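Visitor: Input: one structure, supplied below.
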Amino acid sequence: MTAGLILAAGESRRMGSPKALLNYQGETFLDRLIGLFSPHCSPVIAVLGAGHEKISAGMRRRSEACVVHNRDFDLAQLSSMQAGLRAVPDDADQVLFTLVDHPAVMPGTIAALLAEPPAPLRIPRYAGRRGHPILFSKLLIAEFLALPATSAAREVVTRYAID
């Protein structure tokens, strides 16, 4: 079983409104990602923080996601990831993870990641650059949770990345 994890807790200061509610091909960034993850993931966990009430009210695919509110969203992005990882069910084998500002993920990218043999962590590449979503084994959840909330997930990612 694969759990999906979408981080949408940031303040979006530069955008002026929550990134999660920006439009991409007729739906919000967050709804698009929930729709992409839902056929492959159970549950799809959406972590909200800043503007959580407005974002939650604007979610059309609310019934397809488990919403987690990270009250400590202002600490660092990792605190939101950790809040979401705490909601991953024990029977999940792996986690498909992305940030809400990547709505252009292609369904084929998700299918290709999930079709690969098990690995601690996989990152797709496009035009030679790392992208999203990231797929990682449940065995890494404890390592992400052990990091101080003010550090960065890349400390674990760089240790295990298989591109």
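By order in the structure tokens, chains are A, B, ...; within a chain, residues start at 1; ligands start at 1, following the order shown.
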Which residues are close to A:Ser38, i.e. within 10 Å by only C-alpha atoms, leaving aside same-chain residues fewer than 3 positions away? Reply as a short mmCIF file (atom, residue, chain, number, x, y, z; two decimals) with all heavy atoms, in the first residue's frame.
Guide:
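Wrote it out as result30.cif, contents follow:
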data_model
loop_
_atom_site.label_atom_id
_atom_site.label_comp_id
_atom_site.auth_asym_id
_atom_site.auth_seq_id
_atom_site.Cartn_x
_atom_site.Cartn_y
_atom_site.Cartn_z
N ALA A 3 0.88 5.37 0.63
CA ALA A 3 0.21 6.56 1.15
C ALA A 3 0.70 7.76 0.34
O ALA A 3 1.85 7.80 -0.07
CB ALA A 3 0.53 6.77 2.63
N GLY A 4 -0.18 8.71 0.12
CA GLY A 4 0.20 9.93 -0.58
C GLY A 4 0.32 11.05 0.41
O GLY A 4 -0.45 11.13 1.38
N LEU A 33 -3.50 17.61 -7.57
CA LEU A 33 -2.60 16.61 -7.00
C LEU A 33 -3.36 15.51 -6.27
O LEU A 33 -3.00 14.33 -6.38
CB LEU A 33 -1.58 17.28 -6.07
CG LEU A 33 -0.52 18.11 -6.81
CD1 LEU A 33 0.23 19.02 -5.85
CD2 LEU A 33 0.43 17.20 -7.57
N ILE A 34 -4.41 15.86 -5.56
CA ILE A 34 -5.23 14.84 -4.91
C ILE A 34 -5.79 13.89 -5.96
O ILE A 34 -5.77 12.67 -5.80
CB ILE A 34 -6.35 15.47 -4.05
CG1 ILE A 34 -5.75 16.19 -2.84
CG2 ILE A 34 -7.35 14.40 -3.60
CD1 ILE A 34 -6.75 17.07 -2.08
N GLY A 35 -6.27 14.45 -7.06
CA GLY A 35 -6.81 13.63 -8.14
C GLY A 35 -5.77 12.72 -8.78
O GLY A 35 -6.08 11.60 -9.17
N CYS A 41 -2.92 5.88 -4.23
CA CYS A 41 -2.57 6.05 -2.82
C CYS A 41 -3.79 5.95 -1.91
O CYS A 41 -4.86 6.43 -2.24
CB CYS A 41 -1.94 7.43 -2.60
SG CYS A 41 -0.46 7.75 -3.58
N SER A 42 -3.55 5.34 -0.77
CA SER A 42 -4.59 5.27 0.25
C SER A 42 -3.92 5.28 1.62
O SER A 42 -3.18 4.36 1.95
CB SER A 42 -5.41 4.00 0.08
OG SER A 42 -6.42 3.95 1.04
N PRO A 43 -4.12 6.33 2.37
CA PRO A 43 -4.85 7.55 2.07
C PRO A 43 -3.99 8.55 1.31
O PRO A 43 -2.78 8.37 1.17
CB PRO A 43 -5.17 8.10 3.46
CG PRO A 43 -3.96 7.72 4.26
CD PRO A 43 -3.56 6.36 3.73
N VAL A 44 -4.63 9.63 0.83
CA VAL A 44 -3.93 10.80 0.36
C VAL A 44 -4.03 11.80 1.50
O VAL A 44 -5.13 12.17 1.92
CB VAL A 44 -4.56 11.39 -0.93
CG1 VAL A 44 -3.86 12.69 -1.31
CG2 VAL A 44 -4.50 10.38 -2.06
N ILE A 45 -2.88 12.20 2.02
CA ILE A 45 -2.83 13.11 3.17
C ILE A 45 -2.42 14.49 2.67
O ILE A 45 -1.37 14.64 2.03
CB ILE A 45 -1.82 12.60 4.21
CG1 ILE A 45 -2.21 11.20 4.69
CG2 ILE A 45 -1.70 13.58 5.38
CD1 ILE A 45 -1.08 10.44 5.37
N ARG A 61 -12.06 18.23 -3.86
CA ARG A 61 -11.77 16.80 -3.68
C ARG A 61 -11.54 16.47 -2.20
O ARG A 61 -10.83 15.53 -1.87
CB ARG A 61 -10.56 16.39 -4.50
CG ARG A 61 -10.79 16.47 -6.00
CD ARG A 61 -9.53 16.02 -6.74
NE ARG A 61 -9.67 16.10 -8.16
CZ ARG A 61 -10.03 15.08 -8.94
NH1 ARG A 61 -10.31 13.91 -8.42
NH2 ARG A 61 -10.11 15.25 -10.24
N GLU A 64 -11.67 12.96 -0.92
CA GLU A 64 -10.63 12.02 -1.37
C GLU A 64 -9.34 12.16 -0.56
O GLU A 64 -8.37 11.45 -0.85
CB GLU A 64 -10.32 12.26 -2.85
CG GLU A 64 -11.49 11.99 -3.77
CD GLU A 64 -11.17 12.39 -5.20
OE1 GLU A 64 -10.09 12.01 -5.70
OE2 GLU A 64 -12.00 13.07 -5.82
N ALA A 65 -9.34 13.05 0.42
CA ALA A 65 -8.10 13.30 1.16
C ALA A 65 -8.34 13.33 2.66
O ALA A 65 -9.42 13.66 3.13
CB ALA A 65 -7.49 14.63 0.72
#
Visitor: So that I can see what lies close to stretch 86-89 of chain A, please list as an mmCIF file with N, CA, C and O atoms, in the first residue's frame the residues with an atom at most 12 Å from it, counting only C-alpha atoms and leaving out residues fewer than 6 positions away in the same chain.
Guide:
data_model
loop_
_atom_site.group_PDB
_atom_site.id
_atom_site.type_symbol
_atom_site.label_atom_id
_atom_site.label_comp_id
_atom_site.auth_asym_id
_atom_site.auth_seq_id
_atom_site.Cartn_x
_atom_site.Cartn_y
_atom_site.Cartn_z
ATOM 1 N N MET A 1 0.832 -1.177 0.000
ATOM 2 C CA MET A 1 0.000 0.000 0.000
ATOM 3 C C MET A 1 0.883 1.249 0.000
ATOM 4 O O MET A 1 1.888 1.308 0.683
ATOM 5 N N THR A 2 0.468 2.230 -0.763
ATOM 6 C CA THR A 2 1.189 3.494 -0.859
ATOM 7 C C THR A 2 0.327 4.602 -0.274
ATOM 8 O O THR A 2 -0.833 4.762 -0.654
ATOM 9 N N ALA A 3 0.883 5.371 0.633
ATOM 10 C CA ALA A 3 0.209 6.564 1.154
ATOM 11 C C ALA A 3 0.696 7.756 0.340
ATOM 12 O O ALA A 3 1.853 7.798 -0.071
ATOM 13 N N GLY A 4 -0.176 8.706 0.116
ATOM 14 C CA GLY A 4 0.197 9.926 -0.583
ATOM 15 C C GLY A 4 0.325 11.055 0.414
ATOM 16 O O GLY A 4 -0.446 11.130 1.378
ATOM 17 N N LEU A 5 1.281 11.923 0.213
ATOM 18 C CA LEU A 5 1.503 13.040 1.121
ATOM 19 C C LEU A 5 1.751 14.310 0.307
ATOM 20 O O LEU A 5 2.706 14.375 -0.475
ATOM 21 N N ILE A 6 0.867 15.291 0.471
ATOM 22 C CA ILE A 6 0.966 16.560 -0.244
ATOM 23 C C ILE A 6 1.091 17.674 0.791
ATOM 24 O O ILE A 6 0.225 17.826 1.651
ATOM 25 N N CYS A 41 -2.921 5.879 -4.234
ATOM 26 C CA CYS A 41 -2.568 6.053 -2.819
ATOM 27 C C CYS A 41 -3.786 5.948 -1.907
ATOM 28 O O CYS A 41 -4.859 6.430 -2.237
ATOM 29 N N SER A 42 -3.551 5.338 -0.772
ATOM 30 C CA SER A 42 -4.589 5.269 0.250
ATOM 31 C C SER A 42 -3.917 5.284 1.620
ATOM 32 O O SER A 42 -3.182 4.357 1.946
ATOM 33 N N PRO A 43 -4.116 6.334 2.367
ATOM 34 C CA PRO A 43 -4.852 7.552 2.067
ATOM 35 C C PRO A 43 -3.991 8.547 1.307
ATOM 36 O O PRO A 43 -2.783 8.371 1.172
ATOM 37 N N VAL A 44 -4.632 9.625 0.832
ATOM 38 C CA VAL A 44 -3.925 10.805 0.355
ATOM 39 C C VAL A 44 -4.027 11.805 1.502
ATOM 40 O O VAL A 44 -5.127 12.167 1.915
ATOM 41 N N ILE A 45 -2.884 12.200 2.018
ATOM 42 C CA ILE A 45 -2.831 13.113 3.170
ATOM 43 C C ILE A 45 -2.422 14.489 2.666
ATOM 44 O O ILE A 45 -1.373 14.635 2.029
ATOM 45 N N ALA A 46 -3.252 15.486 2.935
ATOM 46 C CA ALA A 46 -2.945 16.871 2.572
ATOM 47 C C ALA A 46 -2.661 17.633 3.852
ATOM 48 O O ALA A 46 -3.520 17.707 4.735
ATOM 49 N N VAL A 47 -1.463 18.166 3.967
ATOM 50 C CA VAL A 47 -1.086 18.916 5.167
ATOM 51 C C VAL A 47 -1.292 20.404 4.900
ATOM 52 O O VAL A 47 -0.696 20.966 3.984
ATOM 53 N N ALA A 65 -9.337 13.047 0.421
ATOM 54 C CA ALA A 65 -8.099 13.296 1.160
ATOM 55 C C ALA A 65 -8.344 13.328 2.659
ATOM 56 O O ALA A 65 -9.425 13.658 3.130
ATOM 57 N N CYS A 66 -7.307 12.973 3.373
ATOM 58 C CA CYS A 66 -7.275 13.124 4.829
ATOM 59 C C CYS A 66 -6.505 14.425 5.075
ATOM 60 O O CYS A 66 -5.346 14.537 4.681
ATOM 61 N N VAL A 67 -7.157 15.402 5.673
ATOM 62 C CA VAL A 67 -6.519 16.700 5.904
ATOM 63 C C VAL A 67 -5.914 16.730 7.296
ATOM 64 O O VAL A 67 -6.572 16.408 8.282
ATOM 65 N N VAL A 68 -4.648 17.124 7.355
ATOM 66 C CA VAL A 68 -3.924 17.287 8.613
ATOM 67 C C VAL A 68 -3.583 18.764 8.735
ATOM 68 O O VAL A 68 -3.079 19.368 7.788
ATOM 69 N N HIS A 69 -3.858 19.350 9.888
ATOM 70 C CA HIS A 69 -3.529 20.754 10.123
ATOM 71 C C HIS A 69 -2.240 20.835 10.935
ATOM 72 O O HIS A 69 -2.197 20.379 12.078
ATOM 73 N N ASN A 70 -1.209 21.390 10.326
ATOM 74 C CA ASN A 70 0.056 21.596 11.032
ATOM 75 C C ASN A 70 0.047 22.982 11.658
ATOM 76 O O ASN A 70 0.236 23.983 10.977
ATOM 77 N N SER A 79 8.523 20.475 9.343
ATOM 78 C CA SER A 79 7.500 20.272 10.379
ATOM 79 C C SER A 79 6.182 19.826 9.749
ATOM 80 O O SER A 79 5.445 19.026 10.326
ATOM 81 N N SER A 80 5.876 20.323 8.563
ATOM 82 C CA SER A 80 4.658 19.902 7.865
ATOM 83 C C SER A 80 4.788 18.475 7.346
ATOM 84 O O SER A 80 3.849 17.681 7.425
ATOM 85 N N VAL A 95 5.611 5.883 0.703
ATOM 86 C CA VAL A 95 4.954 7.185 0.681
ATOM 87 C C VAL A 95 5.318 7.891 -0.622
ATOM 88 O O VAL A 95 6.493 7.990 -0.977
ATOM 89 N N LEU A 96 4.284 8.376 -1.314
ATOM 90 C CA LEU A 96 4.459 9.205 -2.495
ATOM 91 C C LEU A 96 4.288 10.645 -2.022
ATOM 92 O O LEU A 96 3.224 11.009 -1.519
ATOM 93 N N PHE A 97 5.325 11.450 -2.165
ATOM 94 C CA PHE A 97 5.390 12.770 -1.531
ATOM 95 C C PHE A 97 5.617 13.882 -2.551
ATOM 96 O O PHE A 97 6.441 13.740 -3.458
ATOM 97 N N SER A 137 10.378 4.552 0.955
ATOM 98 C CA SER A 137 9.965 3.417 1.766
ATOM 99 C C SER A 137 9.509 3.861 3.153
ATOM 100 O O SER A 137 10.033 4.833 3.706
ATOM 101 N N LYS A 138 8.583 3.107 3.724
ATOM 102 C CA LYS A 138 8.137 3.410 5.090
ATOM 103 C C LYS A 138 9.280 3.314 6.083
ATOM 104 O O LYS A 138 9.233 3.908 7.154
ATOM 105 N N ILE A 141 10.508 6.701 7.231
ATOM 106 C CA ILE A 141 9.648 7.592 8.009
ATOM 107 C C ILE A 141 10.285 7.941 9.355
ATOM 108 O O ILE A 141 10.322 9.105 9.750
ATOM 109 N N ALA A 142 10.818 6.948 10.034
ATOM 110 C CA ALA A 142 11.441 7.194 11.337
ATOM 111 C C ALA A 142 12.615 8.166 11.216
ATOM 112 O O ALA A 142 12.826 9.003 12.103
ATOM 113 N N PHE A 144 12.963 10.605 8.917
ATOM 114 C CA PHE A 144 12.401 11.948 8.719
ATOM 115 C C PHE A 144 11.854 12.496 10.039
ATOM 116 O O PHE A 144 12.035 13.667 10.347
ATOM 117 N N LEU A 145 11.184 11.649 10.808
ATOM 118 C CA LEU A 145 10.616 12.097 12.077
ATOM 119 C C LEU A 145 11.683 12.410 13.121
ATOM 120 O O LEU A 145 11.459 13.217 14.021
ATOM 121 N N ALA A 146 12.849 11.795 13.020
ATOM 122 C CA ALA A 146 13.920 12.016 13.988
ATOM 123 C C ALA A 146 14.663 13.341 13.764
ATOM 124 O O ALA A 146 15.348 13.817 14.670
#
Visitor: Need the shell around A:Val156: protein/DNA/RNA residues with any atom at most 8 Å away, counting only C-alpha atoms. Skip same-chain ones fewer than 3 positions apart. Format as a ChimeraX atom specification?
Guide: /A:140,143-144,153,159-160
Visitor: List the neighbours of A:Arg122 out to 9 Å using only C-alpha atoms; skip same-chain residues closer than 5 positions along the sequence, and give me the result as an MDAnalysis selection string.
Guide: chainID A and resid 113 116 133:136 160:163
Visitor: Store the residues picked out above, limited to N, CA, C and O atoms, as an mmCIF file, in the first residue's frame.
Guide:
data_model
loop_
_atom_site.group_PDB
_atom_site.id
_atom_site.type_symbol
_atom_site.label_atom_id
_atom_site.label_comp_id
_atom_site.auth_asym_id
_atom_site.auth_seq_id
_atom_site.Cartn_x
_atom_site.Cartn_y
_atom_site.Cartn_z
ATOM 1 N N LEU A 113 7.163 5.573 -11.284
ATOM 2 C CA LEU A 113 7.761 5.448 -9.945
ATOM 3 C C LEU A 113 7.232 4.211 -9.232
ATOM 4 O O LEU A 113 7.996 3.451 -8.620
ATOM 5 N N GLU A 116 8.583 0.698 -10.468
ATOM 6 C CA GLU A 116 9.983 0.351 -10.206
ATOM 7 C C GLU A 116 10.088 -0.637 -9.047
ATOM 8 O O GLU A 116 9.241 -0.648 -8.162
ATOM 9 N N PRO A 133 6.780 13.722 -8.061
ATOM 10 C CA PRO A 133 6.842 13.410 -6.637
ATOM 11 C C PRO A 133 8.032 12.516 -6.303
ATOM 12 O O PRO A 133 8.673 11.963 -7.185
ATOM 13 N N ILE A 134 8.288 12.392 -5.027
ATOM 14 C CA ILE A 134 9.335 11.514 -4.512
ATOM 15 C C ILE A 134 8.647 10.306 -3.892
ATOM 16 O O ILE A 134 7.621 10.442 -3.235
ATOM 17 N N LEU A 135 9.201 9.143 -4.113
ATOM 18 C CA LEU A 135 8.663 7.915 -3.532
ATOM 19 C C LEU A 135 9.694 7.369 -2.547
ATOM 20 O O LEU A 135 10.864 7.216 -2.895
ATOM 21 N N PHE A 136 9.246 7.106 -1.310
ATOM 22 C CA PHE A 136 10.190 6.540 -0.352
ATOM 23 C C PHE A 136 9.542 5.446 0.494
ATOM 24 O O PHE A 136 8.337 5.438 0.715
ATOM 25 N N TYR A 160 19.783 8.612 0.523
ATOM 26 C CA TYR A 160 19.149 7.449 -0.084
ATOM 27 C C TYR A 160 18.711 7.607 -1.534
ATOM 28 O O TYR A 160 18.222 6.663 -2.122
ATOM 29 N N ALA A 161 18.874 8.768 -2.115
ATOM 30 C CA ALA A 161 18.323 9.039 -3.448
ATOM 31 C C ALA A 161 18.871 8.093 -4.514
ATOM 32 O O ALA A 161 20.059 7.913 -4.645
ATOM 33 N N ILE A 162 17.940 7.488 -5.244
ATOM 34 C CA ILE A 162 18.248 6.717 -6.443
ATOM 35 C C ILE A 162 17.463 7.394 -7.553
ATOM 36 O O ILE A 162 16.240 7.366 -7.557
ATOM 37 N N ASP A 163 18.150 8.043 -8.449
ATOM 38 C CA ASP A 163 17.461 8.773 -9.528
ATOM 39 C C ASP A 163 17.195 7.857 -10.706
ATOM 40 O O ASP A 163 17.971 7.047 -11.061
#
Visitor: Near A:Ala8, within 6 Å and counting only C-alpha atoms, which residues show up once chain neighbours fewer than 2 positions away are dropped, as a list of chain:residue names?
Guide: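 Using only C-alpha atoms, the neighbours found are A:Gly10, A:Ala20, A:Val47, A:Leu48, A:Val100.
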Visitor: Write down as a VMD selection string the residues belonging to stretch 20-60 of chain A that are assigned strand (DSSP E or B) by DSSP computed on the backbone.
Guide: chain A and resid 23 to 24 27 to 28 44 to 49 51
Visitor: Could you write those residues out with N, CA and C atoms, as a PDB file, in the first residue's frame?
Guide:
ATOM      1  N   ASN A  23      -5.030  28.140  -9.765  1.00  0.00           N
ATOM      2  CA  ASN A  23      -5.653  27.329 -10.801  1.00  0.00           C
ATOM      3  C   ASN A  23      -4.630  26.695 -11.731  1.00  0.00           C
ATOM      4  N   TYR A  24      -4.839  25.419 -12.031  1.00  0.00           N
ATOM      5  CA  TYR A  24      -4.041  24.699 -13.021  1.00  0.00           C
ATOM      6  C   TYR A  24      -4.997  23.815 -13.812  1.00  0.00           C
ATOM      7  N   GLU A  27      -8.605  23.344 -12.297  1.00  0.00           N
ATOM      8  CA  GLU A  27      -8.795  22.997 -10.886  1.00  0.00           C
ATOM      9  C   GLU A  27      -7.649  23.557 -10.077  1.00  0.00           C
ATOM     10  N   THR A  28      -7.799  23.548  -8.772  1.00  0.00           N
ATOM     11  CA  THR A  28      -6.738  24.093  -7.928  1.00  0.00           C
ATOM     12  C   THR A  28      -5.533  23.170  -7.932  1.00  0.00           C
ATOM     13  N   VAL A  44      -4.632   9.625   0.832  1.00  0.00           N
ATOM     14  CA  VAL A  44      -3.925  10.805   0.355  1.00  0.00           C
ATOM     15  C   VAL A  44      -4.027  11.805   1.502  1.00  0.00           C
ATOM     16  N   ILE A  45      -2.884  12.200   2.018  1.00  0.00           N
ATOM     17  CA  ILE A  45      -2.831  13.113   3.170  1.00  0.00           C
ATOM     18  C   ILE A  45      -2.422  14.489   2.666  1.00  0.00           C
ATOM     19  N   ALA A  46      -3.252  15.486   2.935  1.00  0.00           N
ATOM     20  CA  ALA A  46      -2.945  16.871   2.572  1.00  0.00           C
ATOM     21  C   ALA A  46      -2.661  17.633   3.852  1.00  0.00           C
ATOM     22  N   VAL A  47      -1.463  18.166   3.967  1.00  0.00           N
ATOM     23  CA  VAL A  47      -1.086  18.916   5.167  1.00  0.00           C
ATOM     24  C   VAL A  47      -1.292  20.404   4.900  1.00  0.00           C
ATOM     25  N   LEU A  48      -2.159  20.999   5.700  1.00  0.00           N
ATOM     26  CA  LEU A  48      -2.452  22.419   5.596  1.00  0.00           C
ATOM     27  C   LEU A  48      -1.888  23.135   6.818  1.00  0.00           C
ATOM     28  N   GLY A  49      -1.627  24.406   6.662  1.00  0.00           N
ATOM     29  CA  GLY A  49      -1.114  25.218   7.767  1.00  0.00           C
ATOM     30  C   GLY A  49      -1.666  26.609   7.658  1.00  0.00           C
ATOM     31  N   GLY A  51      -3.582  29.602   6.340  1.00  0.00           N
ATOM     32  CA  GLY A  51      -4.802  29.674   5.540  1.00  0.00           C
ATOM     33  C   GLY A  51      -5.573  28.374   5.451  1.00  0.00           C
TER      34      GLY A  51
END
Visitor: Going by DSSP on the backbone, which residues of stretch 27-161 of chain A come out as helix (DSSP H, G or I)? List them as an MDAnalysis selection string.
Guide: chainID A and resid 29:37 52:58 62:64 77:85 107:115 138:146 154:160
Visitor: Next, dump the selected residues to file, keeping only C-alpha atoms, as a tab-separated table (two decimals), in the first residue's frame.
Guide:
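Output contents, as saved in out17.tsv:
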chain	number	residue	atom	x	y	z
A	29	PHE	CA	-3.17	22.93	-7.48
A	30	LEU	CA	-4.23	20.90	-4.44
A	31	ASP	CA	-7.27	19.30	-6.09
A	32	ARG	CA	-5.19	18.40	-9.14
A	33	LEU	CA	-2.60	16.61	-7.00
A	34	ILE	CA	-5.23	14.84	-4.91
A	35	GLY	CA	-6.81	13.63	-8.14
A	36	LEU	CA	-3.47	12.37	-9.45
A	37	PHE	CA	-2.57	10.60	-6.20
A	52	HIS	CA	-6.02	26.18	6.38
A	53	GLU	CA	-9.67	27.23	6.72
A	54	LYS	CA	-9.71	29.00	3.35
A	55	ILE	CA	-7.90	26.12	1.62
A	56	SER	CA	-10.09	23.46	3.20
A	57	ALA	CA	-13.22	25.37	2.18
A	58	GLY	CA	-11.91	25.59	-1.40
A	62	ARG	CA	-11.98	17.06	0.12
A	63	SER	CA	-13.64	13.64	0.36
A	64	GLU	CA	-10.63	12.02	-1.37
A	77	GLN	CA	8.71	22.84	5.77
A	78	LEU	CA	9.96	19.71	7.52
A	79	SER	CA	7.50	20.27	10.38
A	80	SER	CA	4.66	19.90	7.86
A	81	MET	CA	6.18	16.77	6.38
A	82	GLN	CA	6.51	15.32	9.87
A	83	ALA	CA	2.87	16.18	10.69
A	84	GLY	CA	1.79	14.31	7.55
A	85	LEU	CA	4.06	11.34	8.19
A	107	PRO	CA	0.24	10.57	-14.40
A	108	GLY	CA	2.93	8.58	-16.22
A	109	THR	CA	5.57	9.82	-13.78
A	110	ILE	CA	3.58	8.43	-10.86
A	111	ALA	CA	2.97	5.14	-12.67
A	112	ALA	CA	6.67	4.80	-13.54
A	113	LEU	CA	7.76	5.45	-9.95
A	114	LEU	CA	5.32	2.88	-8.60
A	115	ALA	CA	6.32	0.30	-11.22
A	138	LYS	CA	8.14	3.41	5.09
A	139	LEU	CA	11.49	2.47	6.60
A	140	LEU	CA	12.59	6.10	6.13
A	141	ILE	CA	9.65	7.59	8.01
A	142	ALA	CA	11.44	7.19	11.34
A	143	GLU	CA	14.49	9.00	9.94
A	144	PHE	CA	12.40	11.95	8.72
A	145	LEU	CA	10.62	12.10	12.08
A	146	ALA	CA	13.92	12.02	13.99
A	154	ARG	CA	17.18	16.74	2.14
A	155	GLU	CA	19.39	15.38	4.93
A	156	VAL	CA	17.61	12.03	4.51
A	157	VAL	CA	16.94	12.42	0.79
A	158	THR	CA	20.59	12.84	-0.18
A	159	ARG	CA	21.52	9.74	1.82
A	160	TYR	CA	19.15	7.45	-0.08
Visitor: Just want the 10 Å neighbourhood of A:His132, counted on only C-alpha atoms, with same-chain residues fewer than 4 positions away dropped. Output as an NGL selection string.
Guide: :A and (96-99 or 101-106 or 109-110 or 122-126)
Visitor: What is the atom CA of A:Ala76-atom CA of A:Leu22 distance in Å, reported with one decimal?
Guide: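 Between these atoms lies a distance of 21.8 Å.
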Visitor: Give me, please, the distance in Å between atom CA of A:Ala50 and atom CA of A:Gln25, quoted to one decimal.
Guide: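 Computing it gives 24.0 Å between the two atoms.
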Visitor: Which residue out of A:Phe73, A:Arg60, A:Gln94, A:Pro148 has the minimum interatomic distance to A:Pro120 when only C-alpha atoms are used?
Guide: A:Gln94
Visitor: Provide the atom CA of A:Leu75 to atom CA of A:Gly131 distance in Å, to one decimal place.
Guide: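 One can read the atom CA of A:Leu75 to atom CA of A:Gly131 distance as 24.1 Å.
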